[in-house]
file my_file_34.cif (mmCIF, C-alpha atoms)
data_run
loop_
_atom_site.label_atom_id
_atom_site.label_comp_id
_atom_site.auth_asym_id
_atom_site.auth_seq_id
_atom_site.Cartn_x
_atom_site.Cartn_y
_atom_site.Cartn_z
CA MET N 9 0.00 0.00 0.00
CA PRO N 10 1.20 3.50 -0.74
CA SER N 11 3.79 5.34 1.29
CA SER N 12 6.65 7.73 0.60
CA PHE N 13 9.34 5.96 -1.40
CA LEU N 14 11.84 8.67 -0.54
CA LYS N 15 11.24 8.21 3.15
CA ALA N 16 11.62 4.48 2.70
CA LEU N 17 14.94 4.84 0.96
CA ALA N 18 16.21 7.25 3.58
CA VAL N 19 15.24 4.91 6.40
CA ALA N 20 16.74 1.92 4.64
CA ALA N 21 19.98 3.79 4.04
CA GLY N 22 20.10 4.99 7.62
CA LEU N 23 19.59 1.51 9.01
CA GLY N 24 22.00 -0.02 6.53
CA LEU N 25 22.64 -3.67 7.22
CA ALA N 26 22.96 -3.27 10.96
CA GLY N 27 19.74 -5.10 11.64
CA LEU N 28 20.54 -8.18 9.60
CA SER N 29 21.67 -10.20 12.61
CA ALA N 30 19.17 -8.68 15.00
CA SER N 31 16.84 -11.61 14.71
CA ALA N 32 17.91 -15.17 15.38
CA PRO N 33 15.74 -18.21 14.75
CA ALA N 34 13.40 -18.86 17.66
CA LEU N 35 14.46 -21.72 19.94
CA ALA N 36 10.94 -23.00 20.55
CA GLN N 37 9.57 -25.55 18.11
CA ASP N 38 5.87 -25.60 19.06
CA HIS N 39 4.80 -24.94 15.46
CA LYS N 40 7.29 -27.12 13.62
CA GLY N 41 5.60 -28.60 10.57
CA GLU N 42 3.52 -25.44 9.99
CA GLN N 43 3.98 -22.63 7.48
CA LEU N 44 4.50 -19.19 8.99
CA TYR N 45 2.45 -16.28 7.68
CA PRO N 46 3.77 -13.03 9.20
CA LEU N 47 0.78 -10.70 9.06
CA PHE N 48 2.12 -7.14 9.04
CA THR N 49 -0.69 -5.04 10.49
CA TYR N 50 -1.54 -1.39 11.04
CA ARG N 51 -4.49 -1.58 13.37
CA THR N 52 -3.29 1.69 14.87
CA GLY N 53 -2.37 4.97 13.22
CA PRO N 54 -4.08 7.12 10.57
CA TYR N 55 -4.56 4.32 8.04
CA ALA N 56 -6.07 1.75 10.42
CA PRO N 57 -9.57 2.08 8.85
CA SER N 58 -8.10 0.67 5.61
CA PHE N 59 -6.30 -2.21 7.26
CA ILE N 60 -9.05 -3.48 9.56
CA PRO N 61 -11.34 -4.90 6.83
CA PHE N 62 -8.29 -5.96 4.81
CA GLY N 63 -6.79 -7.83 7.75
CA ALA N 64 -10.14 -9.51 8.40
CA GLY N 65 -10.44 -10.77 4.83
CA ASN N 66 -6.83 -11.95 4.96
CA ARG N 67 -7.28 -13.86 8.21
CA ASP N 68 -10.73 -15.18 7.34
CA TYR N 69 -9.47 -16.88 4.18
CA LEU N 70 -6.44 -18.37 5.93
CA ASN N 71 -8.62 -19.55 8.82
CA TYR N 72 -10.99 -21.13 6.31
CA VAL N 73 -8.08 -22.98 4.69
CA ASN N 74 -6.87 -24.16 8.12
CA ASP N 75 -10.18 -25.01 9.77
CA VAL N 76 -12.32 -26.21 6.87
CA GLU N 77 -9.80 -27.54 4.35
CA GLY N 78 -7.36 -28.86 6.95
CA GLY N 79 -4.53 -26.64 5.79
CA VAL N 80 -2.77 -26.32 2.45
CA ASP N 81 -2.35 -29.91 1.30
CA GLY N 82 -2.44 -30.81 4.99
CA VAL N 83 0.08 -28.12 6.04
CA LYS N 84 -1.40 -25.69 8.59
CA ILE N 85 -0.69 -21.95 8.34
CA PHE N 86 0.63 -20.31 11.52
CA ILE N 87 -0.45 -16.64 11.53
CA GLN N 88 1.63 -14.20 13.56
CA GLU N 89 0.60 -10.55 13.61
CA CYS N 90 3.19 -7.79 13.85
CA GLU N 91 1.93 -4.22 14.28
CA THR N 92 3.71 -1.62 12.13
CA ALA N 93 1.29 1.32 12.60
CA TYR N 94 2.19 1.87 8.92
CA GLU N 95 5.66 3.08 9.95
CA ILE N 96 8.65 1.90 7.96
CA GLU N 97 10.95 1.59 10.97
CA ARG N 98 8.50 -0.71 12.75
CA GLY N 99 7.92 -2.64 9.54
CA ILE N 100 11.63 -3.39 9.30
CA GLU N 101 11.58 -4.59 12.92
CA CYS N 102 8.75 -6.98 12.00
CA TYR N 103 10.74 -8.23 9.02
CA GLU N 104 13.77 -8.93 11.19
CA ARG N 105 11.61 -10.75 13.75
CA TYR N 106 10.09 -13.20 11.27
CA LYS N 107 12.48 -13.51 8.33
CA ASN N 108 14.04 -16.67 9.78
CA GLY N 109 10.75 -18.23 10.82
CA TYR N 110 9.20 -18.37 14.27
CA ASP N 111 8.52 -21.02 16.89
CA GLY N 112 9.55 -23.79 14.50
CA ALA N 113 7.37 -22.58 11.60
CA LEU N 114 9.21 -21.70 8.37
CA THR N 115 8.92 -18.42 6.46
CA ALA N 116 8.30 -18.83 2.72
CA ALA N 117 7.45 -15.18 1.95
CA ILE N 118 6.68 -11.84 3.58
CA TYR N 119 3.90 -9.46 2.55
CA PRO N 120 4.87 -6.00 3.92
CA HIS N 121 1.55 -4.21 3.15
CA SER N 122 3.34 -0.95 2.35
CA SER N 123 4.92 0.28 -0.87
CA GLY N 124 7.43 2.26 1.16
CA LEU N 125 8.41 -0.76 3.23
CA ASP N 126 8.70 -2.80 0.04
CA VAL N 127 11.31 -0.31 -1.18
CA ALA N 128 13.09 -0.22 2.19
CA LEU N 129 13.46 -4.01 2.15
CA THR N 130 14.88 -4.22 -1.38
CA ASP N 131 18.53 -4.69 -0.46
CA LYS N 132 17.78 -6.68 2.70
CA ALA N 133 15.57 -9.14 0.86
CA ARG N 134 18.20 -9.74 -1.80
CA ILE N 135 20.93 -10.36 0.79
CA ASP N 136 18.71 -12.43 3.12
CA LYS N 137 17.06 -14.24 0.18
CA ILE N 138 13.55 -13.62 1.51
CA PRO N 139 10.68 -13.18 -1.00
CA ILE N 140 8.84 -9.87 -0.55
CA VAL N 141 5.34 -9.86 -2.06
CA SER N 142 3.31 -6.69 -2.64
CA PRO N 143 0.10 -7.36 -4.61
CA GLY N 144 -1.00 -4.13 -6.27
CA GLY N 145 1.57 -1.95 -4.52
CA GLY N 146 5.08 -3.09 -5.36
CA GLN N 147 7.84 -1.48 -7.38
CA ASN N 148 7.26 -1.61 -11.11
CA ILE N 149 10.92 -2.30 -11.93
CA ALA N 150 10.74 -5.38 -9.69
CA THR N 151 8.70 -6.97 -12.48
CA ASP N 152 12.13 -7.87 -13.89
CA GLY N 153 12.95 -11.03 -11.94
CA ARG N 154 16.43 -11.18 -13.44
CA VAL N 155 17.39 -8.16 -11.30
CA PHE N 156 14.90 -8.57 -8.44
CA PRO N 157 14.75 -12.32 -7.72
CA TYR N 158 13.19 -11.82 -4.28
CA GLN N 159 10.53 -9.18 -4.96
CA TYR N 160 7.08 -9.76 -6.40
CA PRO N 161 4.80 -6.83 -7.35
CA LEU N 162 2.01 -9.29 -8.11
CA ILE N 163 -1.20 -8.59 -9.99
CA PHE N 164 -0.90 -4.87 -10.69
CA ASP N 165 1.30 -1.78 -10.85
CA TYR N 166 0.84 1.96 -11.19
CA TRP N 167 2.22 2.17 -14.74
CA SER N 168 -0.39 -0.34 -15.92
CA GLU N 169 -3.00 1.62 -13.99
CA ALA N 170 -2.12 4.79 -15.91
CA GLN N 171 -2.52 2.86 -19.16
CA ILE N 172 -5.91 1.43 -18.10
CA VAL N 173 -7.21 4.88 -17.08
CA VAL N 174 -6.23 6.31 -20.47
CA ASP N 175 -7.79 3.28 -22.20
CA PHE N 176 -11.09 3.88 -20.36
CA ILE N 177 -11.10 7.59 -21.22
CA ALA N 178 -10.39 6.69 -24.85
CA GLN N 179 -13.45 4.44 -24.82
CA LYS N 180 -15.58 7.25 -23.39
CA VAL N 181 -14.48 9.83 -25.97
CA GLY N 182 -14.83 7.48 -28.95
CA GLY N 183 -11.39 5.99 -29.51
CA TYR N 184 -7.68 6.64 -29.10
CA ASP N 185 -7.68 8.96 -32.09
CA LYS N 186 -10.13 11.19 -30.22
CA LEU N 187 -7.75 11.67 -27.28
CA LYS N 188 -5.84 14.38 -29.11
CA GLY N 189 -6.60 17.65 -27.36
CA VAL N 190 -8.28 15.98 -24.34
CA LYS N 191 -6.94 17.36 -21.06
CA ILE N 192 -6.25 14.81 -18.32
CA ALA N 193 -5.15 16.14 -14.94
CA THR N 194 -3.50 13.82 -12.43
CA LEU N 195 -4.02 14.96 -8.86
CA TYR N 196 -1.48 12.94 -6.90
CA HIS N 197 -0.36 12.34 -3.32
CA ASP N 198 3.04 14.04 -3.23
CA SER N 199 5.05 10.94 -2.37
CA GLY N 200 6.94 8.24 -4.25
CA TYR N 201 3.66 6.37 -4.62
CA GLY N 202 1.84 9.40 -6.03
CA ARG N 203 4.64 10.42 -8.36
CA ASP N 204 5.00 6.94 -9.84
CA THR N 205 2.58 7.62 -12.72
CA ILE N 206 4.23 10.84 -13.93
CA GLU N 207 6.60 9.05 -16.30
CA PRO N 208 4.10 6.62 -17.90
CA LEU N 209 1.52 9.36 -18.38
CA GLY N 210 4.18 11.46 -20.09
CA ILE N 211 4.86 8.56 -22.46
CA LEU N 212 1.15 8.00 -23.10
CA SER N 213 0.45 11.69 -23.73
CA LYS N 214 3.14 11.77 -26.43
CA LYS N 215 1.73 8.60 -27.98
CA TYR N 216 -1.91 9.70 -28.06
CA GLY N 217 -1.74 13.49 -28.06
CA PHE N 218 -3.72 14.30 -24.89
CA THR N 219 -2.62 17.13 -22.59
CA ASP N 220 -0.97 15.76 -19.46
CA ILE N 221 -1.43 17.97 -16.36
CA GLN N 222 0.34 16.95 -13.13
CA ILE N 223 -0.73 18.50 -9.81
CA PRO N 224 0.71 17.39 -6.44
CA VAL N 225 -1.12 17.47 -3.11
CA PRO N 226 1.03 17.58 0.06
CA HIS N 227 0.33 14.89 2.67
CA PRO N 228 -2.21 14.36 4.18
CA GLY N 229 -4.29 16.29 1.64
CA GLU N 230 -6.79 18.06 3.86
CA GLN N 231 -6.53 21.31 1.86
CA GLN N 232 -7.03 21.13 -1.93
CA GLN N 233 -8.90 24.28 -2.93
CA ALA N 234 -5.93 25.72 -4.83
CA GLN N 235 -5.33 22.49 -6.72
CA TRP N 236 -8.95 22.17 -7.85
CA GLN N 237 -9.00 25.80 -8.92
CA GLN N 238 -5.93 24.99 -11.00
CA ILE N 239 -7.74 22.01 -12.53
CA ARG N 240 -10.70 24.23 -13.39
CA SER N 241 -8.51 27.01 -14.80
CA ALA N 242 -6.62 24.50 -16.97
CA GLY N 243 -9.92 23.31 -18.45
CA ALA N 244 -9.28 19.68 -17.53
CA ASP N 245 -11.75 17.19 -19.01
CA TRP N 246 -10.86 14.29 -16.72
CA VAL N 247 -9.07 13.89 -13.38
CA PHE N 248 -7.03 10.86 -12.40
CA LEU N 249 -7.08 10.97 -8.59
CA ARG N 250 -4.12 9.22 -6.96
CA GLY N 251 -4.96 9.73 -3.32
CA TRP N 252 -4.58 7.89 -0.03
CA GLY N 253 -6.50 8.21 3.20
CA VAL N 254 -8.27 11.49 3.88
CA MET N 255 -7.05 13.01 0.61
CA THR N 256 -9.68 11.16 -1.44
CA PRO N 257 -12.98 12.28 0.16
CA VAL N 258 -11.55 15.80 0.49
CA ALA N 259 -10.82 15.75 -3.25
CA ILE N 260 -14.35 14.63 -4.14
CA LYS N 261 -15.95 17.29 -1.94
CA THR N 262 -13.63 20.05 -3.18
CA ALA N 263 -14.27 19.05 -6.79
CA ALA N 264 -18.00 19.52 -6.16
CA ARG N 265 -17.39 22.97 -4.73
CA VAL N 266 -15.61 24.13 -7.87
CA GLY N 267 -18.18 22.44 -10.12
CA PHE N 268 -16.12 19.53 -11.43
CA PRO N 269 -18.32 16.46 -12.12
CA ALA N 270 -17.70 13.33 -10.03
CA ASP N 271 -18.27 11.05 -13.01
CA HIS N 272 -15.17 12.50 -14.66
CA ILE N 273 -12.92 11.73 -11.70
CA ILE N 274 -11.22 8.32 -11.78
CA GLY N 275 -9.68 7.24 -8.49
CA ASP N 276 -6.55 5.16 -8.07
CA ILE N 277 -6.85 1.63 -6.58
CA TRP N 278 -6.12 3.18 -3.16
CA SER N 279 -8.83 5.80 -3.72
CA GLY N 280 -11.60 3.36 -4.56
CA SER N 281 -12.86 1.89 -1.30
CA GLU N 282 -16.18 2.49 0.44
CA ASP N 283 -14.32 4.58 3.03
CA ASP N 284 -13.03 6.83 0.24
CA ALA N 285 -16.43 7.57 -1.29
CA ARG N 286 -18.91 7.41 1.59
CA PRO N 287 -17.42 10.28 3.68
CA ALA N 288 -17.86 12.62 0.70
CA GLY N 289 -21.63 12.26 0.97
CA SER N 290 -24.06 12.74 -1.88
CA VAL N 291 -21.54 14.60 -4.09
CA ALA N 292 -19.62 11.32 -4.52
CA LYS N 293 -22.43 9.77 -6.57
CA GLY N 294 -21.03 8.92 -10.00
CA TYR N 295 -17.39 8.90 -8.83
CA LEU N 296 -15.24 6.34 -10.67
CA ALA N 297 -12.29 4.26 -9.55
CA VAL N 298 -9.86 1.64 -10.80
CA SER N 299 -10.52 -1.70 -9.12
CA VAL N 300 -8.18 -4.65 -8.85
CA PHE N 301 -10.03 -5.86 -5.75
CA PRO N 302 -13.71 -5.86 -6.79
CA PRO N 303 -16.20 -5.42 -3.95
CA GLY N 304 -19.30 -7.52 -3.53
CA THR N 305 -20.64 -10.62 -1.80
CA ASP N 306 -21.83 -12.61 -4.83
CA TYR N 307 -18.51 -14.38 -5.45
CA ASP N 308 -18.63 -18.03 -4.44
CA ILE N 309 -15.60 -17.84 -2.17
CA ILE N 310 -17.01 -14.79 -0.38
CA LYS N 311 -20.29 -16.65 0.14
CA THR N 312 -18.34 -19.61 1.50
CA LEU N 313 -16.44 -17.41 3.94
CA LYS N 314 -19.70 -15.96 5.20
CA ASP N 315 -21.15 -19.43 5.72
CA LYS N 316 -18.10 -21.14 7.21
CA ILE N 317 -16.28 -18.32 9.00
CA VAL N 318 -18.35 -15.17 9.50
CA ASP N 319 -21.67 -16.78 10.45
CA THR N 320 -19.95 -19.27 12.75
CA GLY N 321 -18.28 -16.54 14.79
CA LYS N 322 -14.76 -17.31 13.59
CA SER N 323 -14.25 -14.07 11.65
CA ASP N 324 -11.76 -11.36 12.55
CA LEU N 325 -14.29 -8.82 11.21
CA LYS N 326 -16.06 -6.95 14.00
CA ASP N 327 -18.08 -4.58 11.81
CA LYS N 328 -20.09 -6.93 9.58
CA ALA N 329 -21.00 -3.99 7.34
CA LYS N 330 -17.41 -4.19 6.05
CA PHE N 331 -17.92 -7.74 4.76
CA GLY N 332 -17.47 -7.89 0.98
CA THR N 333 -16.10 -4.36 0.78
CA VAL N 334 -13.12 -3.44 -1.38
CA TYR N 335 -10.53 -3.89 1.35
CA TYR N 336 -12.09 -7.07 2.79
CA ASN N 337 -12.02 -8.66 -0.66
CA TYR N 338 -8.48 -7.40 -1.19
CA GLY N 339 -7.44 -9.28 1.95
CA VAL N 340 -9.02 -12.43 0.56
CA ILE N 341 -7.30 -12.01 -2.81
CA GLU N 342 -3.90 -11.54 -1.20
CA ALA N 343 -4.39 -14.63 0.97
CA ILE N 344 -5.30 -16.60 -2.15
CA THR N 345 -1.95 -15.69 -3.75
CA PHE N 346 -0.11 -16.92 -0.66
CA VAL N 347 -2.01 -20.20 -0.45
CA GLU N 348 -1.75 -20.88 -4.17
CA ALA N 349 1.99 -20.25 -4.07
CA LEU N 350 2.25 -22.87 -1.32
CA ARG N 351 0.29 -25.33 -3.47
CA VAL N 352 2.66 -24.74 -6.39
CA GLY N 353 5.64 -25.30 -4.10
CA HIS N 354 4.17 -28.49 -2.66
CA LYS N 355 3.88 -30.01 -6.14
CA LYS N 356 7.63 -29.65 -6.58
CA PHE N 357 9.00 -30.02 -3.05
CA GLY N 358 6.37 -32.14 -1.31
CA ASN N 359 3.53 -31.40 1.10
CA ARG N 360 5.53 -29.74 3.84
CA PRO N 361 6.40 -26.18 4.94
CA LEU N 362 8.43 -24.34 2.31
CA THR N 363 11.71 -22.58 2.92
CA ALA N 364 12.20 -19.03 1.65
CA GLU N 365 14.13 -20.27 -1.37
CA GLU N 366 11.38 -22.75 -2.18
CA GLY N 367 8.85 -19.97 -1.69
CA ARG N 368 10.76 -17.90 -4.23
CA TRP N 369 10.53 -20.70 -6.77
CA ALA N 370 6.82 -21.12 -6.13
CA LEU N 371 6.08 -17.40 -6.47
CA GLU N 372 7.72 -17.23 -9.86
CA ASN N 373 5.80 -20.25 -11.11
CA LEU N 374 2.26 -19.22 -10.18
CA ASN N 375 -0.44 -20.02 -12.72
CA LEU N 376 -3.90 -18.94 -11.65
CA ASP N 377 -5.75 -19.53 -14.88
CA ASP N 378 -9.50 -19.24 -15.45
CA LYS N 379 -10.00 -22.91 -14.56
CA ARG N 380 -8.20 -22.63 -11.24
CA ILE N 381 -9.91 -19.33 -10.40
CA ALA N 382 -13.29 -21.00 -10.98
CA GLU N 383 -12.27 -23.93 -8.76
CA LEU N 384 -11.45 -21.44 -6.00
CA GLY N 385 -14.86 -19.79 -6.35
CA ALA N 386 -13.15 -16.54 -7.28
CA LYS N 387 -14.41 -16.00 -10.84
CA GLY N 388 -14.67 -12.25 -11.40
CA LEU N 389 -12.89 -11.53 -8.11
CA ILE N 390 -9.37 -12.02 -9.39
CA SER N 391 -7.99 -11.87 -12.93
CA PRO N 392 -5.66 -14.59 -14.28
CA LEU N 393 -2.17 -14.50 -12.78
CA ARG N 394 0.82 -16.25 -14.28
CA THR N 395 4.36 -15.41 -13.21
CA THR N 396 7.69 -16.54 -14.62
CA PRO N 397 11.31 -16.29 -13.44
CA ASP N 398 11.65 -13.19 -15.64
CA ASN N 399 8.23 -11.67 -14.90
CA HIS N 400 7.39 -11.27 -11.21
CA LYS N 401 4.22 -9.26 -11.71
CA GLY N 402 2.20 -11.49 -13.96
CA GLU N 403 1.71 -11.77 -17.69
CA THR N 404 -1.88 -10.47 -17.65
CA ILE N 405 -2.42 -7.14 -15.88
CA ALA N 406 -6.03 -6.03 -15.67
CA ALA N 407 -8.47 -3.93 -13.67
CA LYS N 408 -12.13 -2.98 -13.70
CA ILE N 409 -13.61 0.51 -13.58
CA ILE N 410 -16.20 0.76 -10.81
CA GLN N 411 -18.68 3.53 -10.03
CA TRP N 412 -20.18 4.73 -6.75
CA ASP N 413 -23.98 4.94 -6.81
CA GLY N 414 -24.26 6.79 -3.52
CA ALA N 415 -24.37 3.66 -1.39
CA LYS N 416 -22.17 1.04 -3.00
CA TRP N 417 -19.74 0.32 -5.83
CA ASN N 418 -20.90 -1.19 -9.11
CA ALA N 419 -18.68 -2.62 -11.85
CA LEU N 420 -18.89 -0.38 -14.91
CA THR N 421 -16.61 -2.57 -17.04
CA ASP N 422 -15.27 -6.09 -17.18
CA TRP N 423 -11.51 -6.60 -16.80
CA ILE N 424 -9.57 -4.06 -18.89
CA LYS N 425 -6.21 -5.55 -19.84
CA ALA N 426 -3.07 -3.47 -19.97
CA ASP N 427 -0.67 -3.90 -22.89
CA SER N 428 2.31 -5.56 -21.20
CA THR N 429 4.60 -4.68 -24.09
CA LEU N 430 3.97 -0.94 -24.01
CA PHE N 431 6.39 -0.11 -21.18
CA ALA N 432 8.43 -3.32 -21.23
CA ASP N 433 11.57 -1.78 -22.73
CA THR N 434 11.46 1.18 -20.34
CA ILE N 435 11.05 -1.07 -17.31
CA ARG N 436 13.89 -3.33 -18.42
CA ALA N 437 16.12 -0.29 -18.94
CA LYS N 438 15.32 1.06 -15.47
CA ALA N 439 15.98 -2.35 -13.92
CA ALA N 440 19.28 -2.58 -15.80
CA ALA N 441 20.30 0.84 -14.49
CA TYR N 442 19.48 -0.30 -10.95
CA ALA N 443 21.51 -3.47 -11.47
CA GLN N 444 24.49 -1.44 -12.67
CA GLU N 445 24.22 0.91 -9.69
CA LYS N 446 24.12 -2.00 -7.22
CA GLY N 447 26.67 -4.18 -9.01
CA ILE N 448 24.09 -6.90 -9.77
CA THR N 449 24.51 -9.20 -12.73
CA PRO N 450 21.04 -9.80 -14.22
CA VAL N 451 20.59 -13.52 -14.74
CA ALA N 452 17.34 -15.31 -15.55
CA GLN N 453 16.28 -17.57 -12.69
CA THR N 454 16.53 -21.31 -13.21
CA ASN N 455 13.82 -23.81 -12.31
#

call {"tool": "encode", "arguments": {"input": "my_file_34.cif", "output": "structure tokens"}}
result
Amino acid sequence: MPSSFLKALAVAAGLGLAGLSASAPALAQDHKGEQLYPLFTYRTGPYAPSFIPFGAGNRDYLNYVNDVEGGVDGVKIFIQECETAYEIERGIECYERYKNGYDGALTAAIYPHSSGLDVALTDKARIDKIPIVSPGGGQNIATDGRVFPYQYPLIFDYWSEAQIVVDFIAQKVGGYDKLKGVKIATLYHDSGYGRDTIEPLGILSKKYGFTDIQIPVPHPGEQQQAQWQQIRSAGADWVFLRGWGVMTPVAIKTAARVGFPADHIIGDIWSGSEDDARPAGSVAKGYLAVSVFPPGTDYDIIKTLKDKIVDTGKSDLKDKAKFGTVYYNYGVIEAITFVEALRVGHKKFGNRPLTAEEGRWALENLNLDDKRIAELGAKGLISPLRTTPDNHKGETIAAKIIQWDGAKWNALTDWIKADSTLFADTIRAKAAAYAQEKGITPVAQTN
């Protein structure tokens, strides 16, 4: 999830490698034979409202796998929470605590739940050989597994998101050839996360001829009058809103005050939850957002979780109104990627807990095709996901556009697929530059 990349890099540089030996394997062996899942939480702090439904969906799916299915191929998952309060320093402490396993349970992968923490762990993960997985919020250059063998920006990235937003606008105006002269303003959280779409939008504007307007909003984004006046003065036709936290409802309400229509504002994946739209009140009706984690309770796996976990009192979700929301379903989707990676690893290494190196192999050989997604009861909830040693994001990148009707989100489109070749050369070049800077020799991973 988004955070300041610059802050992350500064923290990582300041800590250096001093913490690498701070955590030794636990002496106790009470959970030997189980697979550790370190659940990095932020139940406290300003972003807790986002994590709470996410964490519930995450835990509910893993509890379902443990309690109903008897584990992953018979291997139970040992969940250990570690509170980060969405602070990078505390996130690194959690990483050090669980990177070598805990209480006899092995660590196969770590999901940091923060884009900034993902960046801060880049060098550590490579040295420690610990897979770092960030569905929807990882570094785009980490798609290149030749340079980043231990990082996995699964499912989605912000460059693909920029492409999908432009694709949707092209559909609305009558085709790519009609984009010439259209003015698209990006109102972005002034952090590494927010700035990550500046470069791809610049490339797309040159390709299609639309006017690219970039407007930053300082954290936390509680004052935006000047920015929306700028949007109005520039004559923007569409706004791509890349917010986080309080910035999003403030943006929707401020847009209404200056007379900008909500149905021409397209929110980022972190600006498209119920808690982003509902606080804006009636003026949010018509607001659009990119969705990689579709909301709703009609998916078979979500129905199963309600029946087997929620209704039986085993759910981590206290506010049942959050069931089936964007962040709850996101938690389920992420847990699916973890469980399916374990299944892939078991087919090669046997039905036992995976080591980090075995987890790495499994993560780069995921293949969630339509058949498997249907078997999981997740048709429509997650798009196909196939990774390779060279491609750690997935070969098919897609998202839906959803629209707020005043009470709930509705899917406006089916999955819109990004063209994976469009930025491929640029991403490879950026990864190569990183490799040169760090003295890394890019080598395709072997199976």

call {"tool": "residues_around", "arguments": {"input": "my_file_34.cif", "residues": "Thr449 in chain N", "least_positions_apart": "4", "cutoff": "10 Å", "atoms": "only C-alpha atoms", "output": "list in words"}}
result
Arg154, Val155, Ala440, Ala443 and Gln444 of chain N

call {"tool": "resolve_selection", "arguments": {"input": "my_file_34.cif", "expression": "the PyMOL selection byres ((chain N and resi 176) around 10)", "output": "ChimeraX atom specification"}}
result
/N:171-175,177-181,183-184,274,298,408-409,421,424

call {"tool": "residues_around", "arguments": {"input": "my_file_34.cif", "residues": "range 45-49 of chain N", "least_positions_apart": "6", "cutoff": "9 Å", "atoms": "only C-alpha atoms", "output": "PDB file with C-alpha atoms, in the coordinates of the input"}}
result
ATOM      1  CA  ALA N  56      -6.070   1.750  10.420  1.00  0.00           C
ATOM      2  CA  PHE N  59      -6.300  -2.210   7.260  1.00  0.00           C
ATOM      3  CA  ILE N  60      -9.050  -3.480   9.560  1.00  0.00           C
ATOM      4  CA  GLY N  63      -6.790  -7.830   7.750  1.00  0.00           C
ATOM      5  CA  ASN N  66      -6.830 -11.950   4.960  1.00  0.00           C
ATOM      6  CA  ARG N  67      -7.280 -13.860   8.210  1.00  0.00           C
ATOM      7  CA  ILE N  85      -0.690 -21.950   8.340  1.00  0.00           C
ATOM      8  CA  PHE N  86       0.630 -20.310  11.520  1.00  0.00           C
ATOM      9  CA  ILE N  87      -0.450 -16.640  11.530  1.00  0.00           C
ATOM     10  CA  GLN N  88       1.630 -14.200  13.560  1.00  0.00           C
ATOM     11  CA  GLU N  89       0.600 -10.550  13.610  1.00  0.00           C
ATOM     12  CA  CYS N  90       3.190  -7.790  13.850  1.00  0.00           C
ATOM     13  CA  GLU N  91       1.930  -4.220  14.280  1.00  0.00           C
ATOM     14  CA  THR N  92       3.710  -1.620  12.130  1.00  0.00           C
ATOM     15  CA  ALA N  93       1.290   1.320  12.600  1.00  0.00           C
ATOM     16  CA  TYR N  94       2.190   1.870   8.920  1.00  0.00           C
ATOM     17  CA  GLY N  99       7.920  -2.640   9.540  1.00  0.00           C
ATOM     18  CA  CYS N 102       8.750  -6.980  12.000  1.00  0.00           C
ATOM     19  CA  TYR N 103      10.740  -8.230   9.020  1.00  0.00           C
ATOM     20  CA  TYR N 106      10.090 -13.200  11.270  1.00  0.00           C
ATOM     21  CA  LYS N 107      12.480 -13.510   8.330  1.00  0.00           C
ATOM     22  CA  GLY N 109      10.750 -18.230  10.820  1.00  0.00           C
ATOM     23  CA  ALA N 113       7.370 -22.580  11.600  1.00  0.00           C
ATOM     24  CA  LEU N 114       9.210 -21.700   8.370  1.00  0.00           C
ATOM     25  CA  THR N 115       8.920 -18.420   6.460  1.00  0.00           C
ATOM     26  CA  ALA N 116       8.300 -18.830   2.720  1.00  0.00           C
ATOM     27  CA  ALA N 117       7.450 -15.180   1.950  1.00  0.00           C
ATOM     28  CA  ILE N 118       6.680 -11.840   3.580  1.00  0.00           C
ATOM     29  CA  TYR N 119       3.900  -9.460   2.550  1.00  0.00           C
ATOM     30  CA  PRO N 120       4.870  -6.000   3.920  1.00  0.00           C
ATOM     31  CA  HIS N 121       1.550  -4.210   3.150  1.00  0.00           C
ATOM     32  CA  PHE N 346      -0.110 -16.920  -0.660  1.00  0.00           C
TER      33      PHE N 346
END

call {"tool": "closest_residue", "arguments": {"input": "my_file_34.cif", "among": "N:Gly65, N:Gly217, N:Pro361, N:Gly289", "to": "Gly332 in chain N", "atoms": "all atoms listed in the file"}}
result
N:Gly65

call {"tool": "resolve_selection", "arguments": {"input": "my_file_34.cif", "expression": "the PyMOL selection byres ((chain N and resi 160) around 7)", "output": "list in words"}}
result
Ile140, Val141, Ser142, Ala150, Thr151, Tyr158, Gln159, Pro161, Leu162, His400 and Lys401 of chain N

call {"tool": "closest_residue", "arguments": {"input": "my_file_34.cif", "among": "N:Lys425, N:His272, N:His39, N:Lys316", "to": "Val300 in chain N", "atoms": "all atoms listed in the file"}}
result
N:Lys425

call {"tool": "residues_around", "arguments": {"input": "my_file_34.cif", "residues": "Thr305 in chain N", "least_positions_apart": "6", "cutoff": "9 Å", "atoms": "all atoms listed in the file", "output": "ChimeraX atom specification"}}
result
/N:311,314,331-333,337

call {"tool": "residues_around", "arguments": {"input": "my_file_34.cif", "residues": "Gly402 in chain N", "least_positions_apart": "6", "cutoff": "6 Å", "atoms": "all atoms listed in the file", "output": "list in words"}}
result
Ile163, Leu393, Arg394 and Thr395 of chain N

call {"tool": "atom_distance", "arguments": {"input": "my_file_34.cif", "atom1": "CA of Asn148 in chain N", "atom2": "CA of Arg98 in chain N"}}
result
23.9 Å

call {"tool": "closest_residue", "arguments": {"input": "my_file_34.cif", "among": "N:Asn399, N:Ser122, N:Thr404, N:Ser241", "to": "Arg436 in chain N", "atoms": "all atoms listed in the file"}}
result
N:Asn399

call {"tool": "resolve_selection", "arguments": {"input": "my_file_34.cif", "expression": "the PyMOL selection byres ((chain N and resi 251) around 12)", "output": "JSON, numbers by chain"}}
result
{"N": [9, 10, 11, 194, 195, 196, 197, 198, 199, 201, 202, 203, 223, 224, 225, 226, 227, 228, 229, 230, 232, 247, 248, 249, 250, 252, 253, 254, 255, 256, 257, 258, 259, 260, 273, 274, 275, 276, 277, 278, 279, 280, 281, 284, 285, 297]}
